[in-house]
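Undergrad: So here's work25.csv, just CSV, N, CA, C and O atoms:
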```
chain,number,residue,atom,x,y,z
I,1,MET,N,6.8,19.2,-16.0
I,1,MET,CA,8.1,18.8,-15.8
I,1,MET,C,8.1,17.2,-16.0
I,1,MET,O,7.5,16.5,-15.3
I,2,PRO,N,8.8,16.8,-17.1
I,2,PRO,CA,8.8,15.4,-17.3
I,2,PRO,C,9.6,14.6,-16.3
I,2,PRO,O,10.6,15.1,-15.7
I,3,ILE,N,9.2,13.4,-16.0
I,3,ILE,CA,9.9,12.6,-15.0
I,3,ILE,C,11.0,11.8,-15.7
I,3,ILE,O,10.8,11.1,-16.7
I,4,GLN,N,12.2,12.0,-15.3
I,4,GLN,CA,13.4,11.4,-15.9
I,4,GLN,C,14.0,10.5,-14.9
I,4,GLN,O,14.0,10.7,-13.7
I,5,LEU,N,14.6,9.4,-15.4
I,5,LEU,CA,15.3,8.5,-14.5
I,5,LEU,C,16.8,8.6,-14.8
I,5,LEU,O,17.2,8.8,-16.0
I,6,PRO,N,17.6,8.4,-13.8
I,6,PRO,CA,19.1,8.4,-14.1
I,6,PRO,C,19.4,7.2,-15.0
I,6,PRO,O,18.6,6.2,-15.0
I,7,ASP,N,20.4,7.3,-15.7
I,7,ASP,CA,20.8,6.3,-16.8
I,7,ASP,C,20.7,4.9,-16.2
I,7,ASP,O,20.1,4.0,-16.8
I,8,GLN,N,21.4,4.6,-15.1
I,8,GLN,CA,21.4,3.3,-14.5
I,8,GLN,C,20.0,2.8,-14.1
I,8,GLN,O,19.7,1.6,-14.3
I,9,ALA,N,19.3,3.7,-13.5
I,9,ALA,CA,17.9,3.3,-13.1
I,9,ALA,C,17.1,3.0,-14.3
I,9,ALA,O,16.3,2.0,-14.3
I,10,ARG,N,17.2,3.7,-15.4
I,10,ARG,CA,16.5,3.5,-16.7
I,10,ARG,C,16.9,2.1,-17.2
I,10,ARG,O,16.1,1.3,-17.6
I,11,LYS,N,18.2,1.8,-17.3
I,11,LYS,CA,18.7,0.5,-17.7
I,11,LYS,C,18.1,-0.7,-16.9
I,11,LYS,O,17.7,-1.7,-17.4
I,12,ASP,N,18.1,-0.5,-15.6
I,12,ASP,CA,17.6,-1.5,-14.7
I,12,ASP,C,16.1,-1.7,-14.9
I,12,ASP,O,15.6,-2.8,-14.8
I,13,ALA,N,15.4,-0.6,-15.1
I,13,ALA,CA,13.9,-0.7,-15.3
I,13,ALA,C,13.6,-1.4,-16.6
I,13,ALA,O,12.7,-2.2,-16.6
I,14,ILE,N,14.4,-1.1,-17.6
I,14,ILE,CA,14.2,-1.8,-18.9
I,14,ILE,C,14.4,-3.3,-18.8
I,14,ILE,O,13.7,-4.1,-19.3
I,15,ALA,N,15.5,-3.6,-18.1
I,15,ALA,CA,15.8,-5.0,-17.9
I,15,ALA,C,14.7,-5.7,-17.0
I,15,ALA,O,14.4,-6.9,-17.3
I,16,SER,N,14.2,-5.0,-16.1
I,16,SER,CA,13.1,-5.5,-15.3
I,16,SER,C,11.8,-5.8,-16.1
I,16,SER,O,11.1,-6.8,-16.0
I,17,ILE,N,11.5,-4.9,-17.0
I,17,ILE,CA,10.4,-5.0,-17.9
I,17,ILE,C,10.6,-6.2,-18.8
I,17,ILE,O,9.6,-7.0,-19.0
I,18,GLU,N,11.8,-6.4,-19.4
I,18,GLU,CA,12.1,-7.5,-20.2
I,18,GLU,C,11.9,-8.8,-19.4
I,18,GLU,O,11.3,-9.8,-19.9
I,19,ARG,N,12.4,-8.9,-18.2
I,19,ARG,CA,12.3,-10.1,-17.4
I,19,ARG,C,10.8,-10.4,-17.1
I,19,ARG,O,10.4,-11.5,-17.1
I,20,TYR,N,10.0,-9.3,-16.7
I,20,TYR,CA,8.6,-9.5,-16.5
I,20,TYR,C,7.9,-10.1,-17.6
I,20,TYR,O,7.2,-11.1,-17.5
I,21,PHE,N,8.2,-9.6,-18.8
I,21,PHE,CA,7.6,-10.2,-20.0
I,21,PHE,C,8.0,-11.7,-20.2
I,21,PHE,O,7.2,-12.5,-20.6
I,22,ARG,N,9.3,-12.0,-20.0
I,22,ARG,CA,9.8,-13.3,-20.2
I,22,ARG,C,9.1,-14.3,-19.2
I,22,ARG,O,8.8,-15.4,-19.6
I,23,GLU,N,8.9,-13.8,-18.0
I,23,GLU,CA,8.4,-14.8,-17.0
I,23,GLU,C,6.8,-14.8,-16.8
I,23,GLU,O,6.3,-15.7,-16.3
I,24,HIS,N,6.2,-13.7,-17.3
I,24,HIS,CA,4.7,-13.6,-17.0
I,24,HIS,C,3.9,-13.5,-18.3
I,24,HIS,O,2.6,-13.5,-18.2
I,25,MET,N,4.4,-13.2,-19.4
I,25,MET,CA,3.7,-12.9,-20.6
I,25,MET,C,4.0,-14.0,-21.6
I,25,MET,O,5.0,-14.7,-21.6
I,26,GLU,N,3.1,-14.2,-22.6
I,26,GLU,CA,3.3,-15.2,-23.6
I,26,GLU,C,4.3,-14.7,-24.6
I,26,GLU,O,4.9,-15.6,-25.3
I,27,GLU,N,4.5,-13.4,-24.7
I,27,GLU,CA,5.4,-12.9,-25.7
I,27,GLU,C,6.6,-12.3,-25.0
I,27,GLU,O,6.5,-11.8,-23.9
I,28,LYS,N,7.8,-12.3,-25.7
I,28,LYS,CA,8.9,-11.6,-25.2
I,28,LYS,C,8.8,-10.1,-25.7
I,28,LYS,O,8.1,-9.8,-26.6
I,29,ILE,N,9.6,-9.3,-25.0
I,29,ILE,CA,9.6,-7.9,-25.4
I,29,ILE,C,11.1,-7.5,-25.6
I,29,ILE,O,11.9,-7.9,-24.7
I,30,GLY,N,11.4,-6.8,-26.6
I,30,GLY,CA,12.8,-6.4,-26.8
I,30,GLY,C,13.2,-5.2,-26.0
I,30,GLY,O,12.3,-4.5,-25.4
I,31,ASN,N,14.4,-4.9,-26.1
I,31,ASN,CA,15.0,-3.7,-25.4
I,31,ASN,C,14.4,-2.4,-25.8
I,31,ASN,O,14.0,-1.6,-25.0
I,32,VAL,N,14.2,-2.2,-27.1
I,32,VAL,CA,13.6,-1.0,-27.6
I,32,VAL,C,12.2,-0.8,-27.2
I,32,VAL,O,11.7,0.2,-26.7
I,33,ALA,N,11.4,-1.9,-27.3
I,33,ALA,CA,10.0,-1.9,-26.9
I,33,ALA,C,9.9,-1.7,-25.4
I,33,ALA,O,9.0,-1.0,-25.0
I,34,ALA,N,10.7,-2.4,-24.7
I,34,ALA,CA,10.7,-2.2,-23.2
I,34,ALA,C,11.0,-0.7,-22.8
I,34,ALA,O,10.3,-0.1,-22.0
I,35,GLY,N,11.9,-0.1,-23.5
I,35,GLY,CA,12.2,1.3,-23.3
I,35,GLY,C,11.1,2.2,-23.7
I,35,GLY,O,10.8,3.2,-23.0
I,36,GLY,N,10.4,1.8,-24.7
I,36,GLY,CA,9.2,2.6,-25.1
I,36,GLY,C,8.1,2.5,-24.1
I,36,GLY,O,7.4,3.4,-23.8
I,37,LEU,N,7.9,1.3,-23.6
I,37,LEU,CA,6.9,1.0,-22.6
I,37,LEU,C,7.2,1.8,-21.3
I,37,LEU,O,6.3,2.4,-20.7
I,38,LEU,N,8.5,1.8,-20.9
I,38,LEU,CA,8.9,2.5,-19.8
I,38,LEU,C,8.6,4.0,-20.0
I,38,LEU,O,8.1,4.7,-19.1
I,39,GLY,N,9.0,4.5,-21.1
I,39,GLY,CA,8.7,6.0,-21.5
I,39,GLY,C,7.2,6.3,-21.3
I,39,GLY,O,6.8,7.3,-20.8
I,40,PHE,N,6.4,5.4,-21.9
I,40,PHE,CA,4.9,5.6,-21.8
I,40,PHE,C,4.5,5.6,-20.3
I,40,PHE,O,3.7,6.5,-19.9
I,41,PHE,N,4.9,4.7,-19.5
I,41,PHE,CA,4.5,4.6,-18.1
I,41,PHE,C,5.0,5.9,-17.4
I,41,PHE,O,4.3,6.5,-16.5
I,42,LEU,N,6.2,6.3,-17.6
I,42,LEU,CA,6.7,7.5,-17.0
I,42,LEU,C,5.9,8.7,-17.3
I,42,LEU,O,5.7,9.6,-16.5
I,43,GLU,N,5.6,8.8,-18.6
I,43,GLU,CA,4.8,10.0,-19.0
I,43,GLU,C,3.3,10.0,-18.6
I,43,GLU,O,2.7,11.0,-18.2
I,44,GLU,N,2.7,8.8,-18.7
I,44,GLU,CA,1.3,8.7,-18.5
I,44,GLU,C,0.9,8.4,-17.0
I,44,GLU,O,0.0,9.0,-16.5
I,45,ILE,N,1.7,7.6,-16.3
I,45,ILE,CA,1.3,7.2,-15.0
I,45,ILE,C,2.3,7.8,-13.9
I,45,ILE,O,1.9,8.1,-12.8
I,46,GLY,N,3.5,8.1,-14.4
I,46,GLY,CA,4.5,8.7,-13.5
I,46,GLY,C,4.0,9.9,-12.7
I,46,GLY,O,4.2,10.0,-11.5
I,47,PRO,N,3.4,10.9,-13.4
I,47,PRO,CA,2.9,12.1,-12.7
I,47,PRO,C,1.9,11.8,-11.5
I,47,PRO,O,2.0,12.4,-10.5
I,48,SER,N,1.1,10.7,-11.7
I,48,SER,CA,0.1,10.4,-10.6
I,48,SER,C,0.9,9.9,-9.4
I,48,SER,O,0.6,10.3,-8.3
I,49,VAL,N,1.9,9.0,-9.6
I,49,VAL,CA,2.7,8.5,-8.5
I,49,VAL,C,3.5,9.7,-7.9
I,49,VAL,O,3.6,9.8,-6.7
I,50,TYR,N,4.1,10.5,-8.7
I,50,TYR,CA,4.9,11.6,-8.2
I,50,TYR,C,4.0,12.6,-7.4
I,50,TYR,O,4.4,13.0,-6.3
I,51,ASN,N,2.8,12.9,-7.9
I,51,ASN,CA,1.9,13.8,-7.2
I,51,ASN,C,1.5,13.3,-5.9
I,51,ASN,O,1.4,14.0,-4.8
I,52,GLN,N,1.2,12.0,-5.8
I,52,GLN,CA,0.9,11.3,-4.6
I,52,GLN,C,2.0,11.4,-3.6
I,52,GLN,O,1.8,11.6,-2.4
I,53,ALA,N,3.2,11.1,-4.1
I,53,ALA,CA,4.4,11.2,-3.2
I,53,ALA,C,4.6,12.6,-2.6
I,53,ALA,O,4.9,12.8,-1.4
I,54,VAL,N,4.4,13.6,-3.4
I,54,VAL,CA,4.5,15.0,-3.0
I,54,VAL,C,3.4,15.3,-1.9
I,54,VAL,O,3.7,15.8,-0.9
I,55,ALA,N,2.2,14.8,-2.1
I,55,ALA,CA,1.1,15.0,-1.2
I,55,ALA,C,1.4,14.3,0.1
I,55,ALA,O,1.2,14.8,1.2
I,56,ASP,N,2.0,13.1,0.1
I,56,ASP,CA,2.4,12.3,1.3
I,56,ASP,C,3.4,13.1,2.1
I,56,ASP,O,3.3,13.2,3.3
I,57,VAL,N,4.4,13.6,1.4
I,57,VAL,CA,5.5,14.4,2.1
I,57,VAL,C,4.9,15.6,2.7
I,57,VAL,O,5.3,16.0,3.8
I,58,GLN,N,4.0,16.3,2.0
I,58,GLN,CA,3.4,17.5,2.5
I,58,GLN,C,2.7,17.2,3.8
I,58,GLN,O,2.8,18.0,4.8
I,59,GLU,N,1.9,16.1,3.8
I,59,GLU,CA,1.2,15.8,5.0
I,59,GLU,C,2.1,15.5,6.2
I,59,GLU,O,1.9,15.9,7.3
I,60,ARG,N,3.2,14.7,5.9
I,60,ARG,CA,4.1,14.4,7.0
I,60,ARG,C,4.8,15.7,7.5
I,60,ARG,O,5.0,15.8,8.7
I,61,LEU,N,5.1,16.6,6.6
I,61,LEU,CA,5.7,17.9,7.0
I,61,LEU,C,4.7,18.7,7.8
I,61,LEU,O,5.1,19.3,8.8
I,62,ARG,N,3.4,18.7,7.4
I,62,ARG,CA,2.4,19.4,8.2
I,62,ARG,C,2.3,18.9,9.6
I,62,ARG,O,2.2,19.7,10.6
I,63,VAL,N,2.3,17.6,9.7
I,63,VAL,CA,2.3,17.0,11.1
I,63,VAL,C,3.5,17.4,11.9
I,63,VAL,O,3.4,17.8,13.1
I,64,ARG,N,4.7,17.3,11.3
I,64,ARG,CA,5.9,17.6,12.0
I,64,ARG,C,5.9,19.1,12.4
I,64,ARG,O,6.3,19.4,13.5
I,65,ILE,N,5.4,20.0,11.5
I,65,ILE,CA,5.4,21.4,11.8
I,65,ILE,C,4.4,21.7,12.9
I,65,ILE,O,4.7,22.5,13.8
I,66,SER,N,3.3,21.0,12.9
I,66,SER,CA,2.3,21.2,14.0
I,66,SER,C,2.8,20.8,15.4
I,66,SER,O,2.4,21.3,16.4
I,67,GLU,N,3.8,19.8,15.4
I,67,GLU,CA,4.4,19.4,16.6
I,67,GLU,C,5.6,20.1,17.0
I,67,GLU,O,6.2,19.9,18.1
I,68,LEU,N,6.1,21.1,16.2
I,68,LEU,CA,7.3,21.7,16.4
I,68,LEU,C,7.3,22.5,17.7
I,68,LEU,O,8.3,22.5,18.4
I,69,ASP,N,6.2,23.2,18.0
I,69,ASP,CA,6.2,23.9,19.3
I,69,ASP,C,6.4,23.0,20.5
I,69,ASP,O,6.9,23.5,21.5
I,70,ILE,N,5.9,21.8,20.4
I,70,ILE,CA,6.0,20.9,21.5
I,70,ILE,C,7.5,20.4,21.6
I,70,ILE,O,8.0,20.3,22.7
I,71,GLU,N,8.1,20.1,20.5
I,71,GLU,CA,9.5,19.6,20.5
I,71,GLU,C,10.5,20.6,21.0
I,71,GLU,O,11.5,20.2,21.6
I,72,VAL,N,10.4,21.8,20.6
I,72,VAL,CA,11.4,22.8,20.9
I,72,VAL,C,11.0,23.9,21.8
I,72,VAL,O,11.6,24.9,22.0
I,73,HIS,N,9.9,23.7,22.5
I,73,HIS,CA,9.4,24.7,23.4
I,73,HIS,C,10.3,24.9,24.6
I,73,HIS,O,10.8,24.0,25.2
I,74,GLU,N,10.5,26.2,25.0
I,74,GLU,CA,11.2,26.5,26.2
I,74,GLU,C,10.3,27.4,27.1
I,74,GLU,O,9.7,28.3,26.6
I,75,GLU,N,10.3,27.1,28.4
I,75,GLU,CA,9.6,27.9,29.3
I,75,GLU,C,10.2,29.3,29.4
I,75,GLU,O,11.4,29.5,29.3
I,76,GLU,N,9.4,30.3,29.4
I,76,GLU,CA,9.8,31.7,29.5
I,76,GLU,C,10.0,32.2,30.9
I,76,GLU,O,9.4,31.7,31.8
I,77,PHE,N,10.8,33.2,31.1
I,77,PHE,CA,11.0,33.9,32.3
I,77,PHE,C,11.3,32.9,33.5
I,77,PHE,O,10.7,32.9,34.5
I,78,GLN,N,12.3,32.1,33.3
I,78,GLN,CA,12.7,31.1,34.3
I,78,GLN,C,13.9,31.6,35.2
I,78,GLN,O,14.1,30.9,36.2
I,79,TYR,N,14.5,32.7,34.9
I,79,TYR,CA,15.7,33.1,35.7
I,79,TYR,C,15.3,33.3,37.1
I,79,TYR,O,16.0,32.7,38.0
I,80,TRP,N,14.3,34.1,37.5
I,80,TRP,CA,14.0,34.4,38.9
I,80,TRP,C,13.3,33.2,39.6
I,80,TRP,O,13.4,33.1,40.8
I,81,ARG,N,12.7,32.3,38.8
I,81,ARG,CA,12.1,31.1,39.5
I,81,ARG,C,13.2,30.3,40.2
I,81,ARG,O,12.9,29.7,41.2
I,82,ARG,N,14.4,30.3,39.7
I,82,ARG,CA,15.5,29.5,40.3
I,82,ARG,C,15.8,30.1,41.7
I,82,ARG,O,16.1,29.4,42.6
I,83,TYR,N,15.6,31.4,41.8
I,83,TYR,CA,16.0,32.1,43.1
I,83,TYR,C,14.8,32.2,44.0
I,83,TYR,O,14.9,32.4,45.2
I,84,ASP,N,13.6,32.0,43.5
I,84,ASP,CA,12.4,32.1,44.3
I,84,ASP,C,12.1,30.7,45.0
I,84,ASP,O,11.3,30.7,46.0
I,85,ARG,N,12.8,29.7,44.6
I,85,ARG,CA,12.6,28.4,45.3
I,85,ARG,C,13.3,28.5,46.7
I,85,ARG,O,14.3,29.1,46.8
I,86,PRO,N,12.7,27.8,47.6
I,86,PRO,CA,13.3,27.7,48.9
I,86,PRO,C,14.7,27.0,48.8
I,86,PRO,O,14.8,26.1,48.0
I,87,PRO,N,15.7,27.5,49.5
I,87,PRO,CA,17.0,26.9,49.4
I,87,PRO,C,16.9,25.5,49.9
I,87,PRO,O,16.2,25.2,50.9
I,88,LYS,N,17.7,24.6,49.4
I,88,LYS,CA,17.8,23.2,49.9
I,88,LYS,C,18.5,23.2,51.2
I,88,LYS,O,19.5,23.9,51.4
I,89,SER,N,17.9,22.5,52.1
I,89,SER,CA,18.5,22.4,53.5
I,89,SER,C,19.7,21.5,53.4
I,89,SER,O,19.8,20.5,52.8
I,90,ARG,N,20.7,21.9,54.2
I,90,ARG,CA,22.0,21.2,54.3
I,90,ARG,C,21.9,20.4,55.6
I,90,ARG,O,21.5,20.9,56.6
I,91,LYS,N,22.4,19.2,55.5
I,91,LYS,CA,22.4,18.4,56.7
I,91,LYS,C,23.8,18.0,57.1
I,91,LYS,O,24.7,18.0,56.4
```
Written as C-alpha cells, how would this file's structure read?

TA:
Amino acid sequence: MPIQLPDQARKDAIASIERYFREHMEEKIGNVAAGGLLGFFLEEIGPSVYNQAVADVQERLRVRISELDIEVHEEEFQYWRRYDRPPKSRK
C-alpha cells in the first residue's frame, strides 16, 4: 500500500524541502525536483516510519487492553452483601 499525502500536505512538504535546500544546501532545488525527492522518501523511507508507528500503536493498545479488567472491573454478587452488613445505629 503506497503512502499518499493529502494535496495540501504534499504542497507543504515540497515547500519545506525547497526551503531546506535554500537554507542548508549549496544548491537550490526546484519544485519538480523537490516533488521527486518527496516521492522517493515516501516510497523508500515512508514504510519504515509507518511500520514503526503501527508497532507503537499496537504496543499502547496492548498495554491498555491488559489494564482493561482493572479499569472496568465490577465486584460480583454484591446484592446480599448490602443486607448482610449490620444496620447503622440511629442516635

Undergrad: What is the atom O of Asn31 (chain I)-atom N of Ala15 (chain I) distance in Å, reported with one decimal?

TA: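 Spanning atom O of Asn31 (chain I) to atom N of Ala15 (chain I) is a straight-line distance of 7.3 Å.
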
Undergrad: Using all atoms listed in the file, which residue out of I:Arg10, I:Arg85, I:Arg90, I:His73 lies closest to Leu38 (chain I)?

TA: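 For Leu38 (chain I), the nearest of the given residues is I:Arg10.
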
Undergrad: With a distance cut-off of 7 Å and all atoms listed in the file, select the neighbouring residues of region 41-50 of chain I, excluding the residue or stretch itself and same-chain residues fewer than 5 positions from it, and output the selection as a list in words.

TA: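 Residues near the query, excluding close chain neighbours: Met1, Pro2, Ile3, Gly36, Ala55 and Asp56 of chain I.
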
Undergrad: What separation in Å, quoted to one decimal, exists between atom N of Glu74 (chain I) and atom C of Pro86 (chain I)?

TA: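 Taking atom N of Glu74 (chain I) as the start and atom C of Pro86 (chain I) as the end point, the length is 24.2 Å.
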
Undergrad: Using only N, CA, C and O atoms, pick whichever of I:Leu5, I:Val72, I:Ile14, I:Leu61 has the shortest atom-to-atom distance to Gly30 (chain I).

TA: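 Ranking I:Leu5, I:Val72, I:Ile14, I:Leu61 by distance to Gly30 (chain I), first place goes to I:Ile14.
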
Undergrad: How far is it from CA of Val54 (chain I) to atom O of Gln4 (chain I), in Å with one decimal?

TA: 14.9 Å

Undergrad: Out of chain I, which residues get alpha helix (DSSP H) from DSSP, as an NGL selection string?

TA: :I and (7-24 or 31-44 or 46-66 or 68-71 or 79-84)
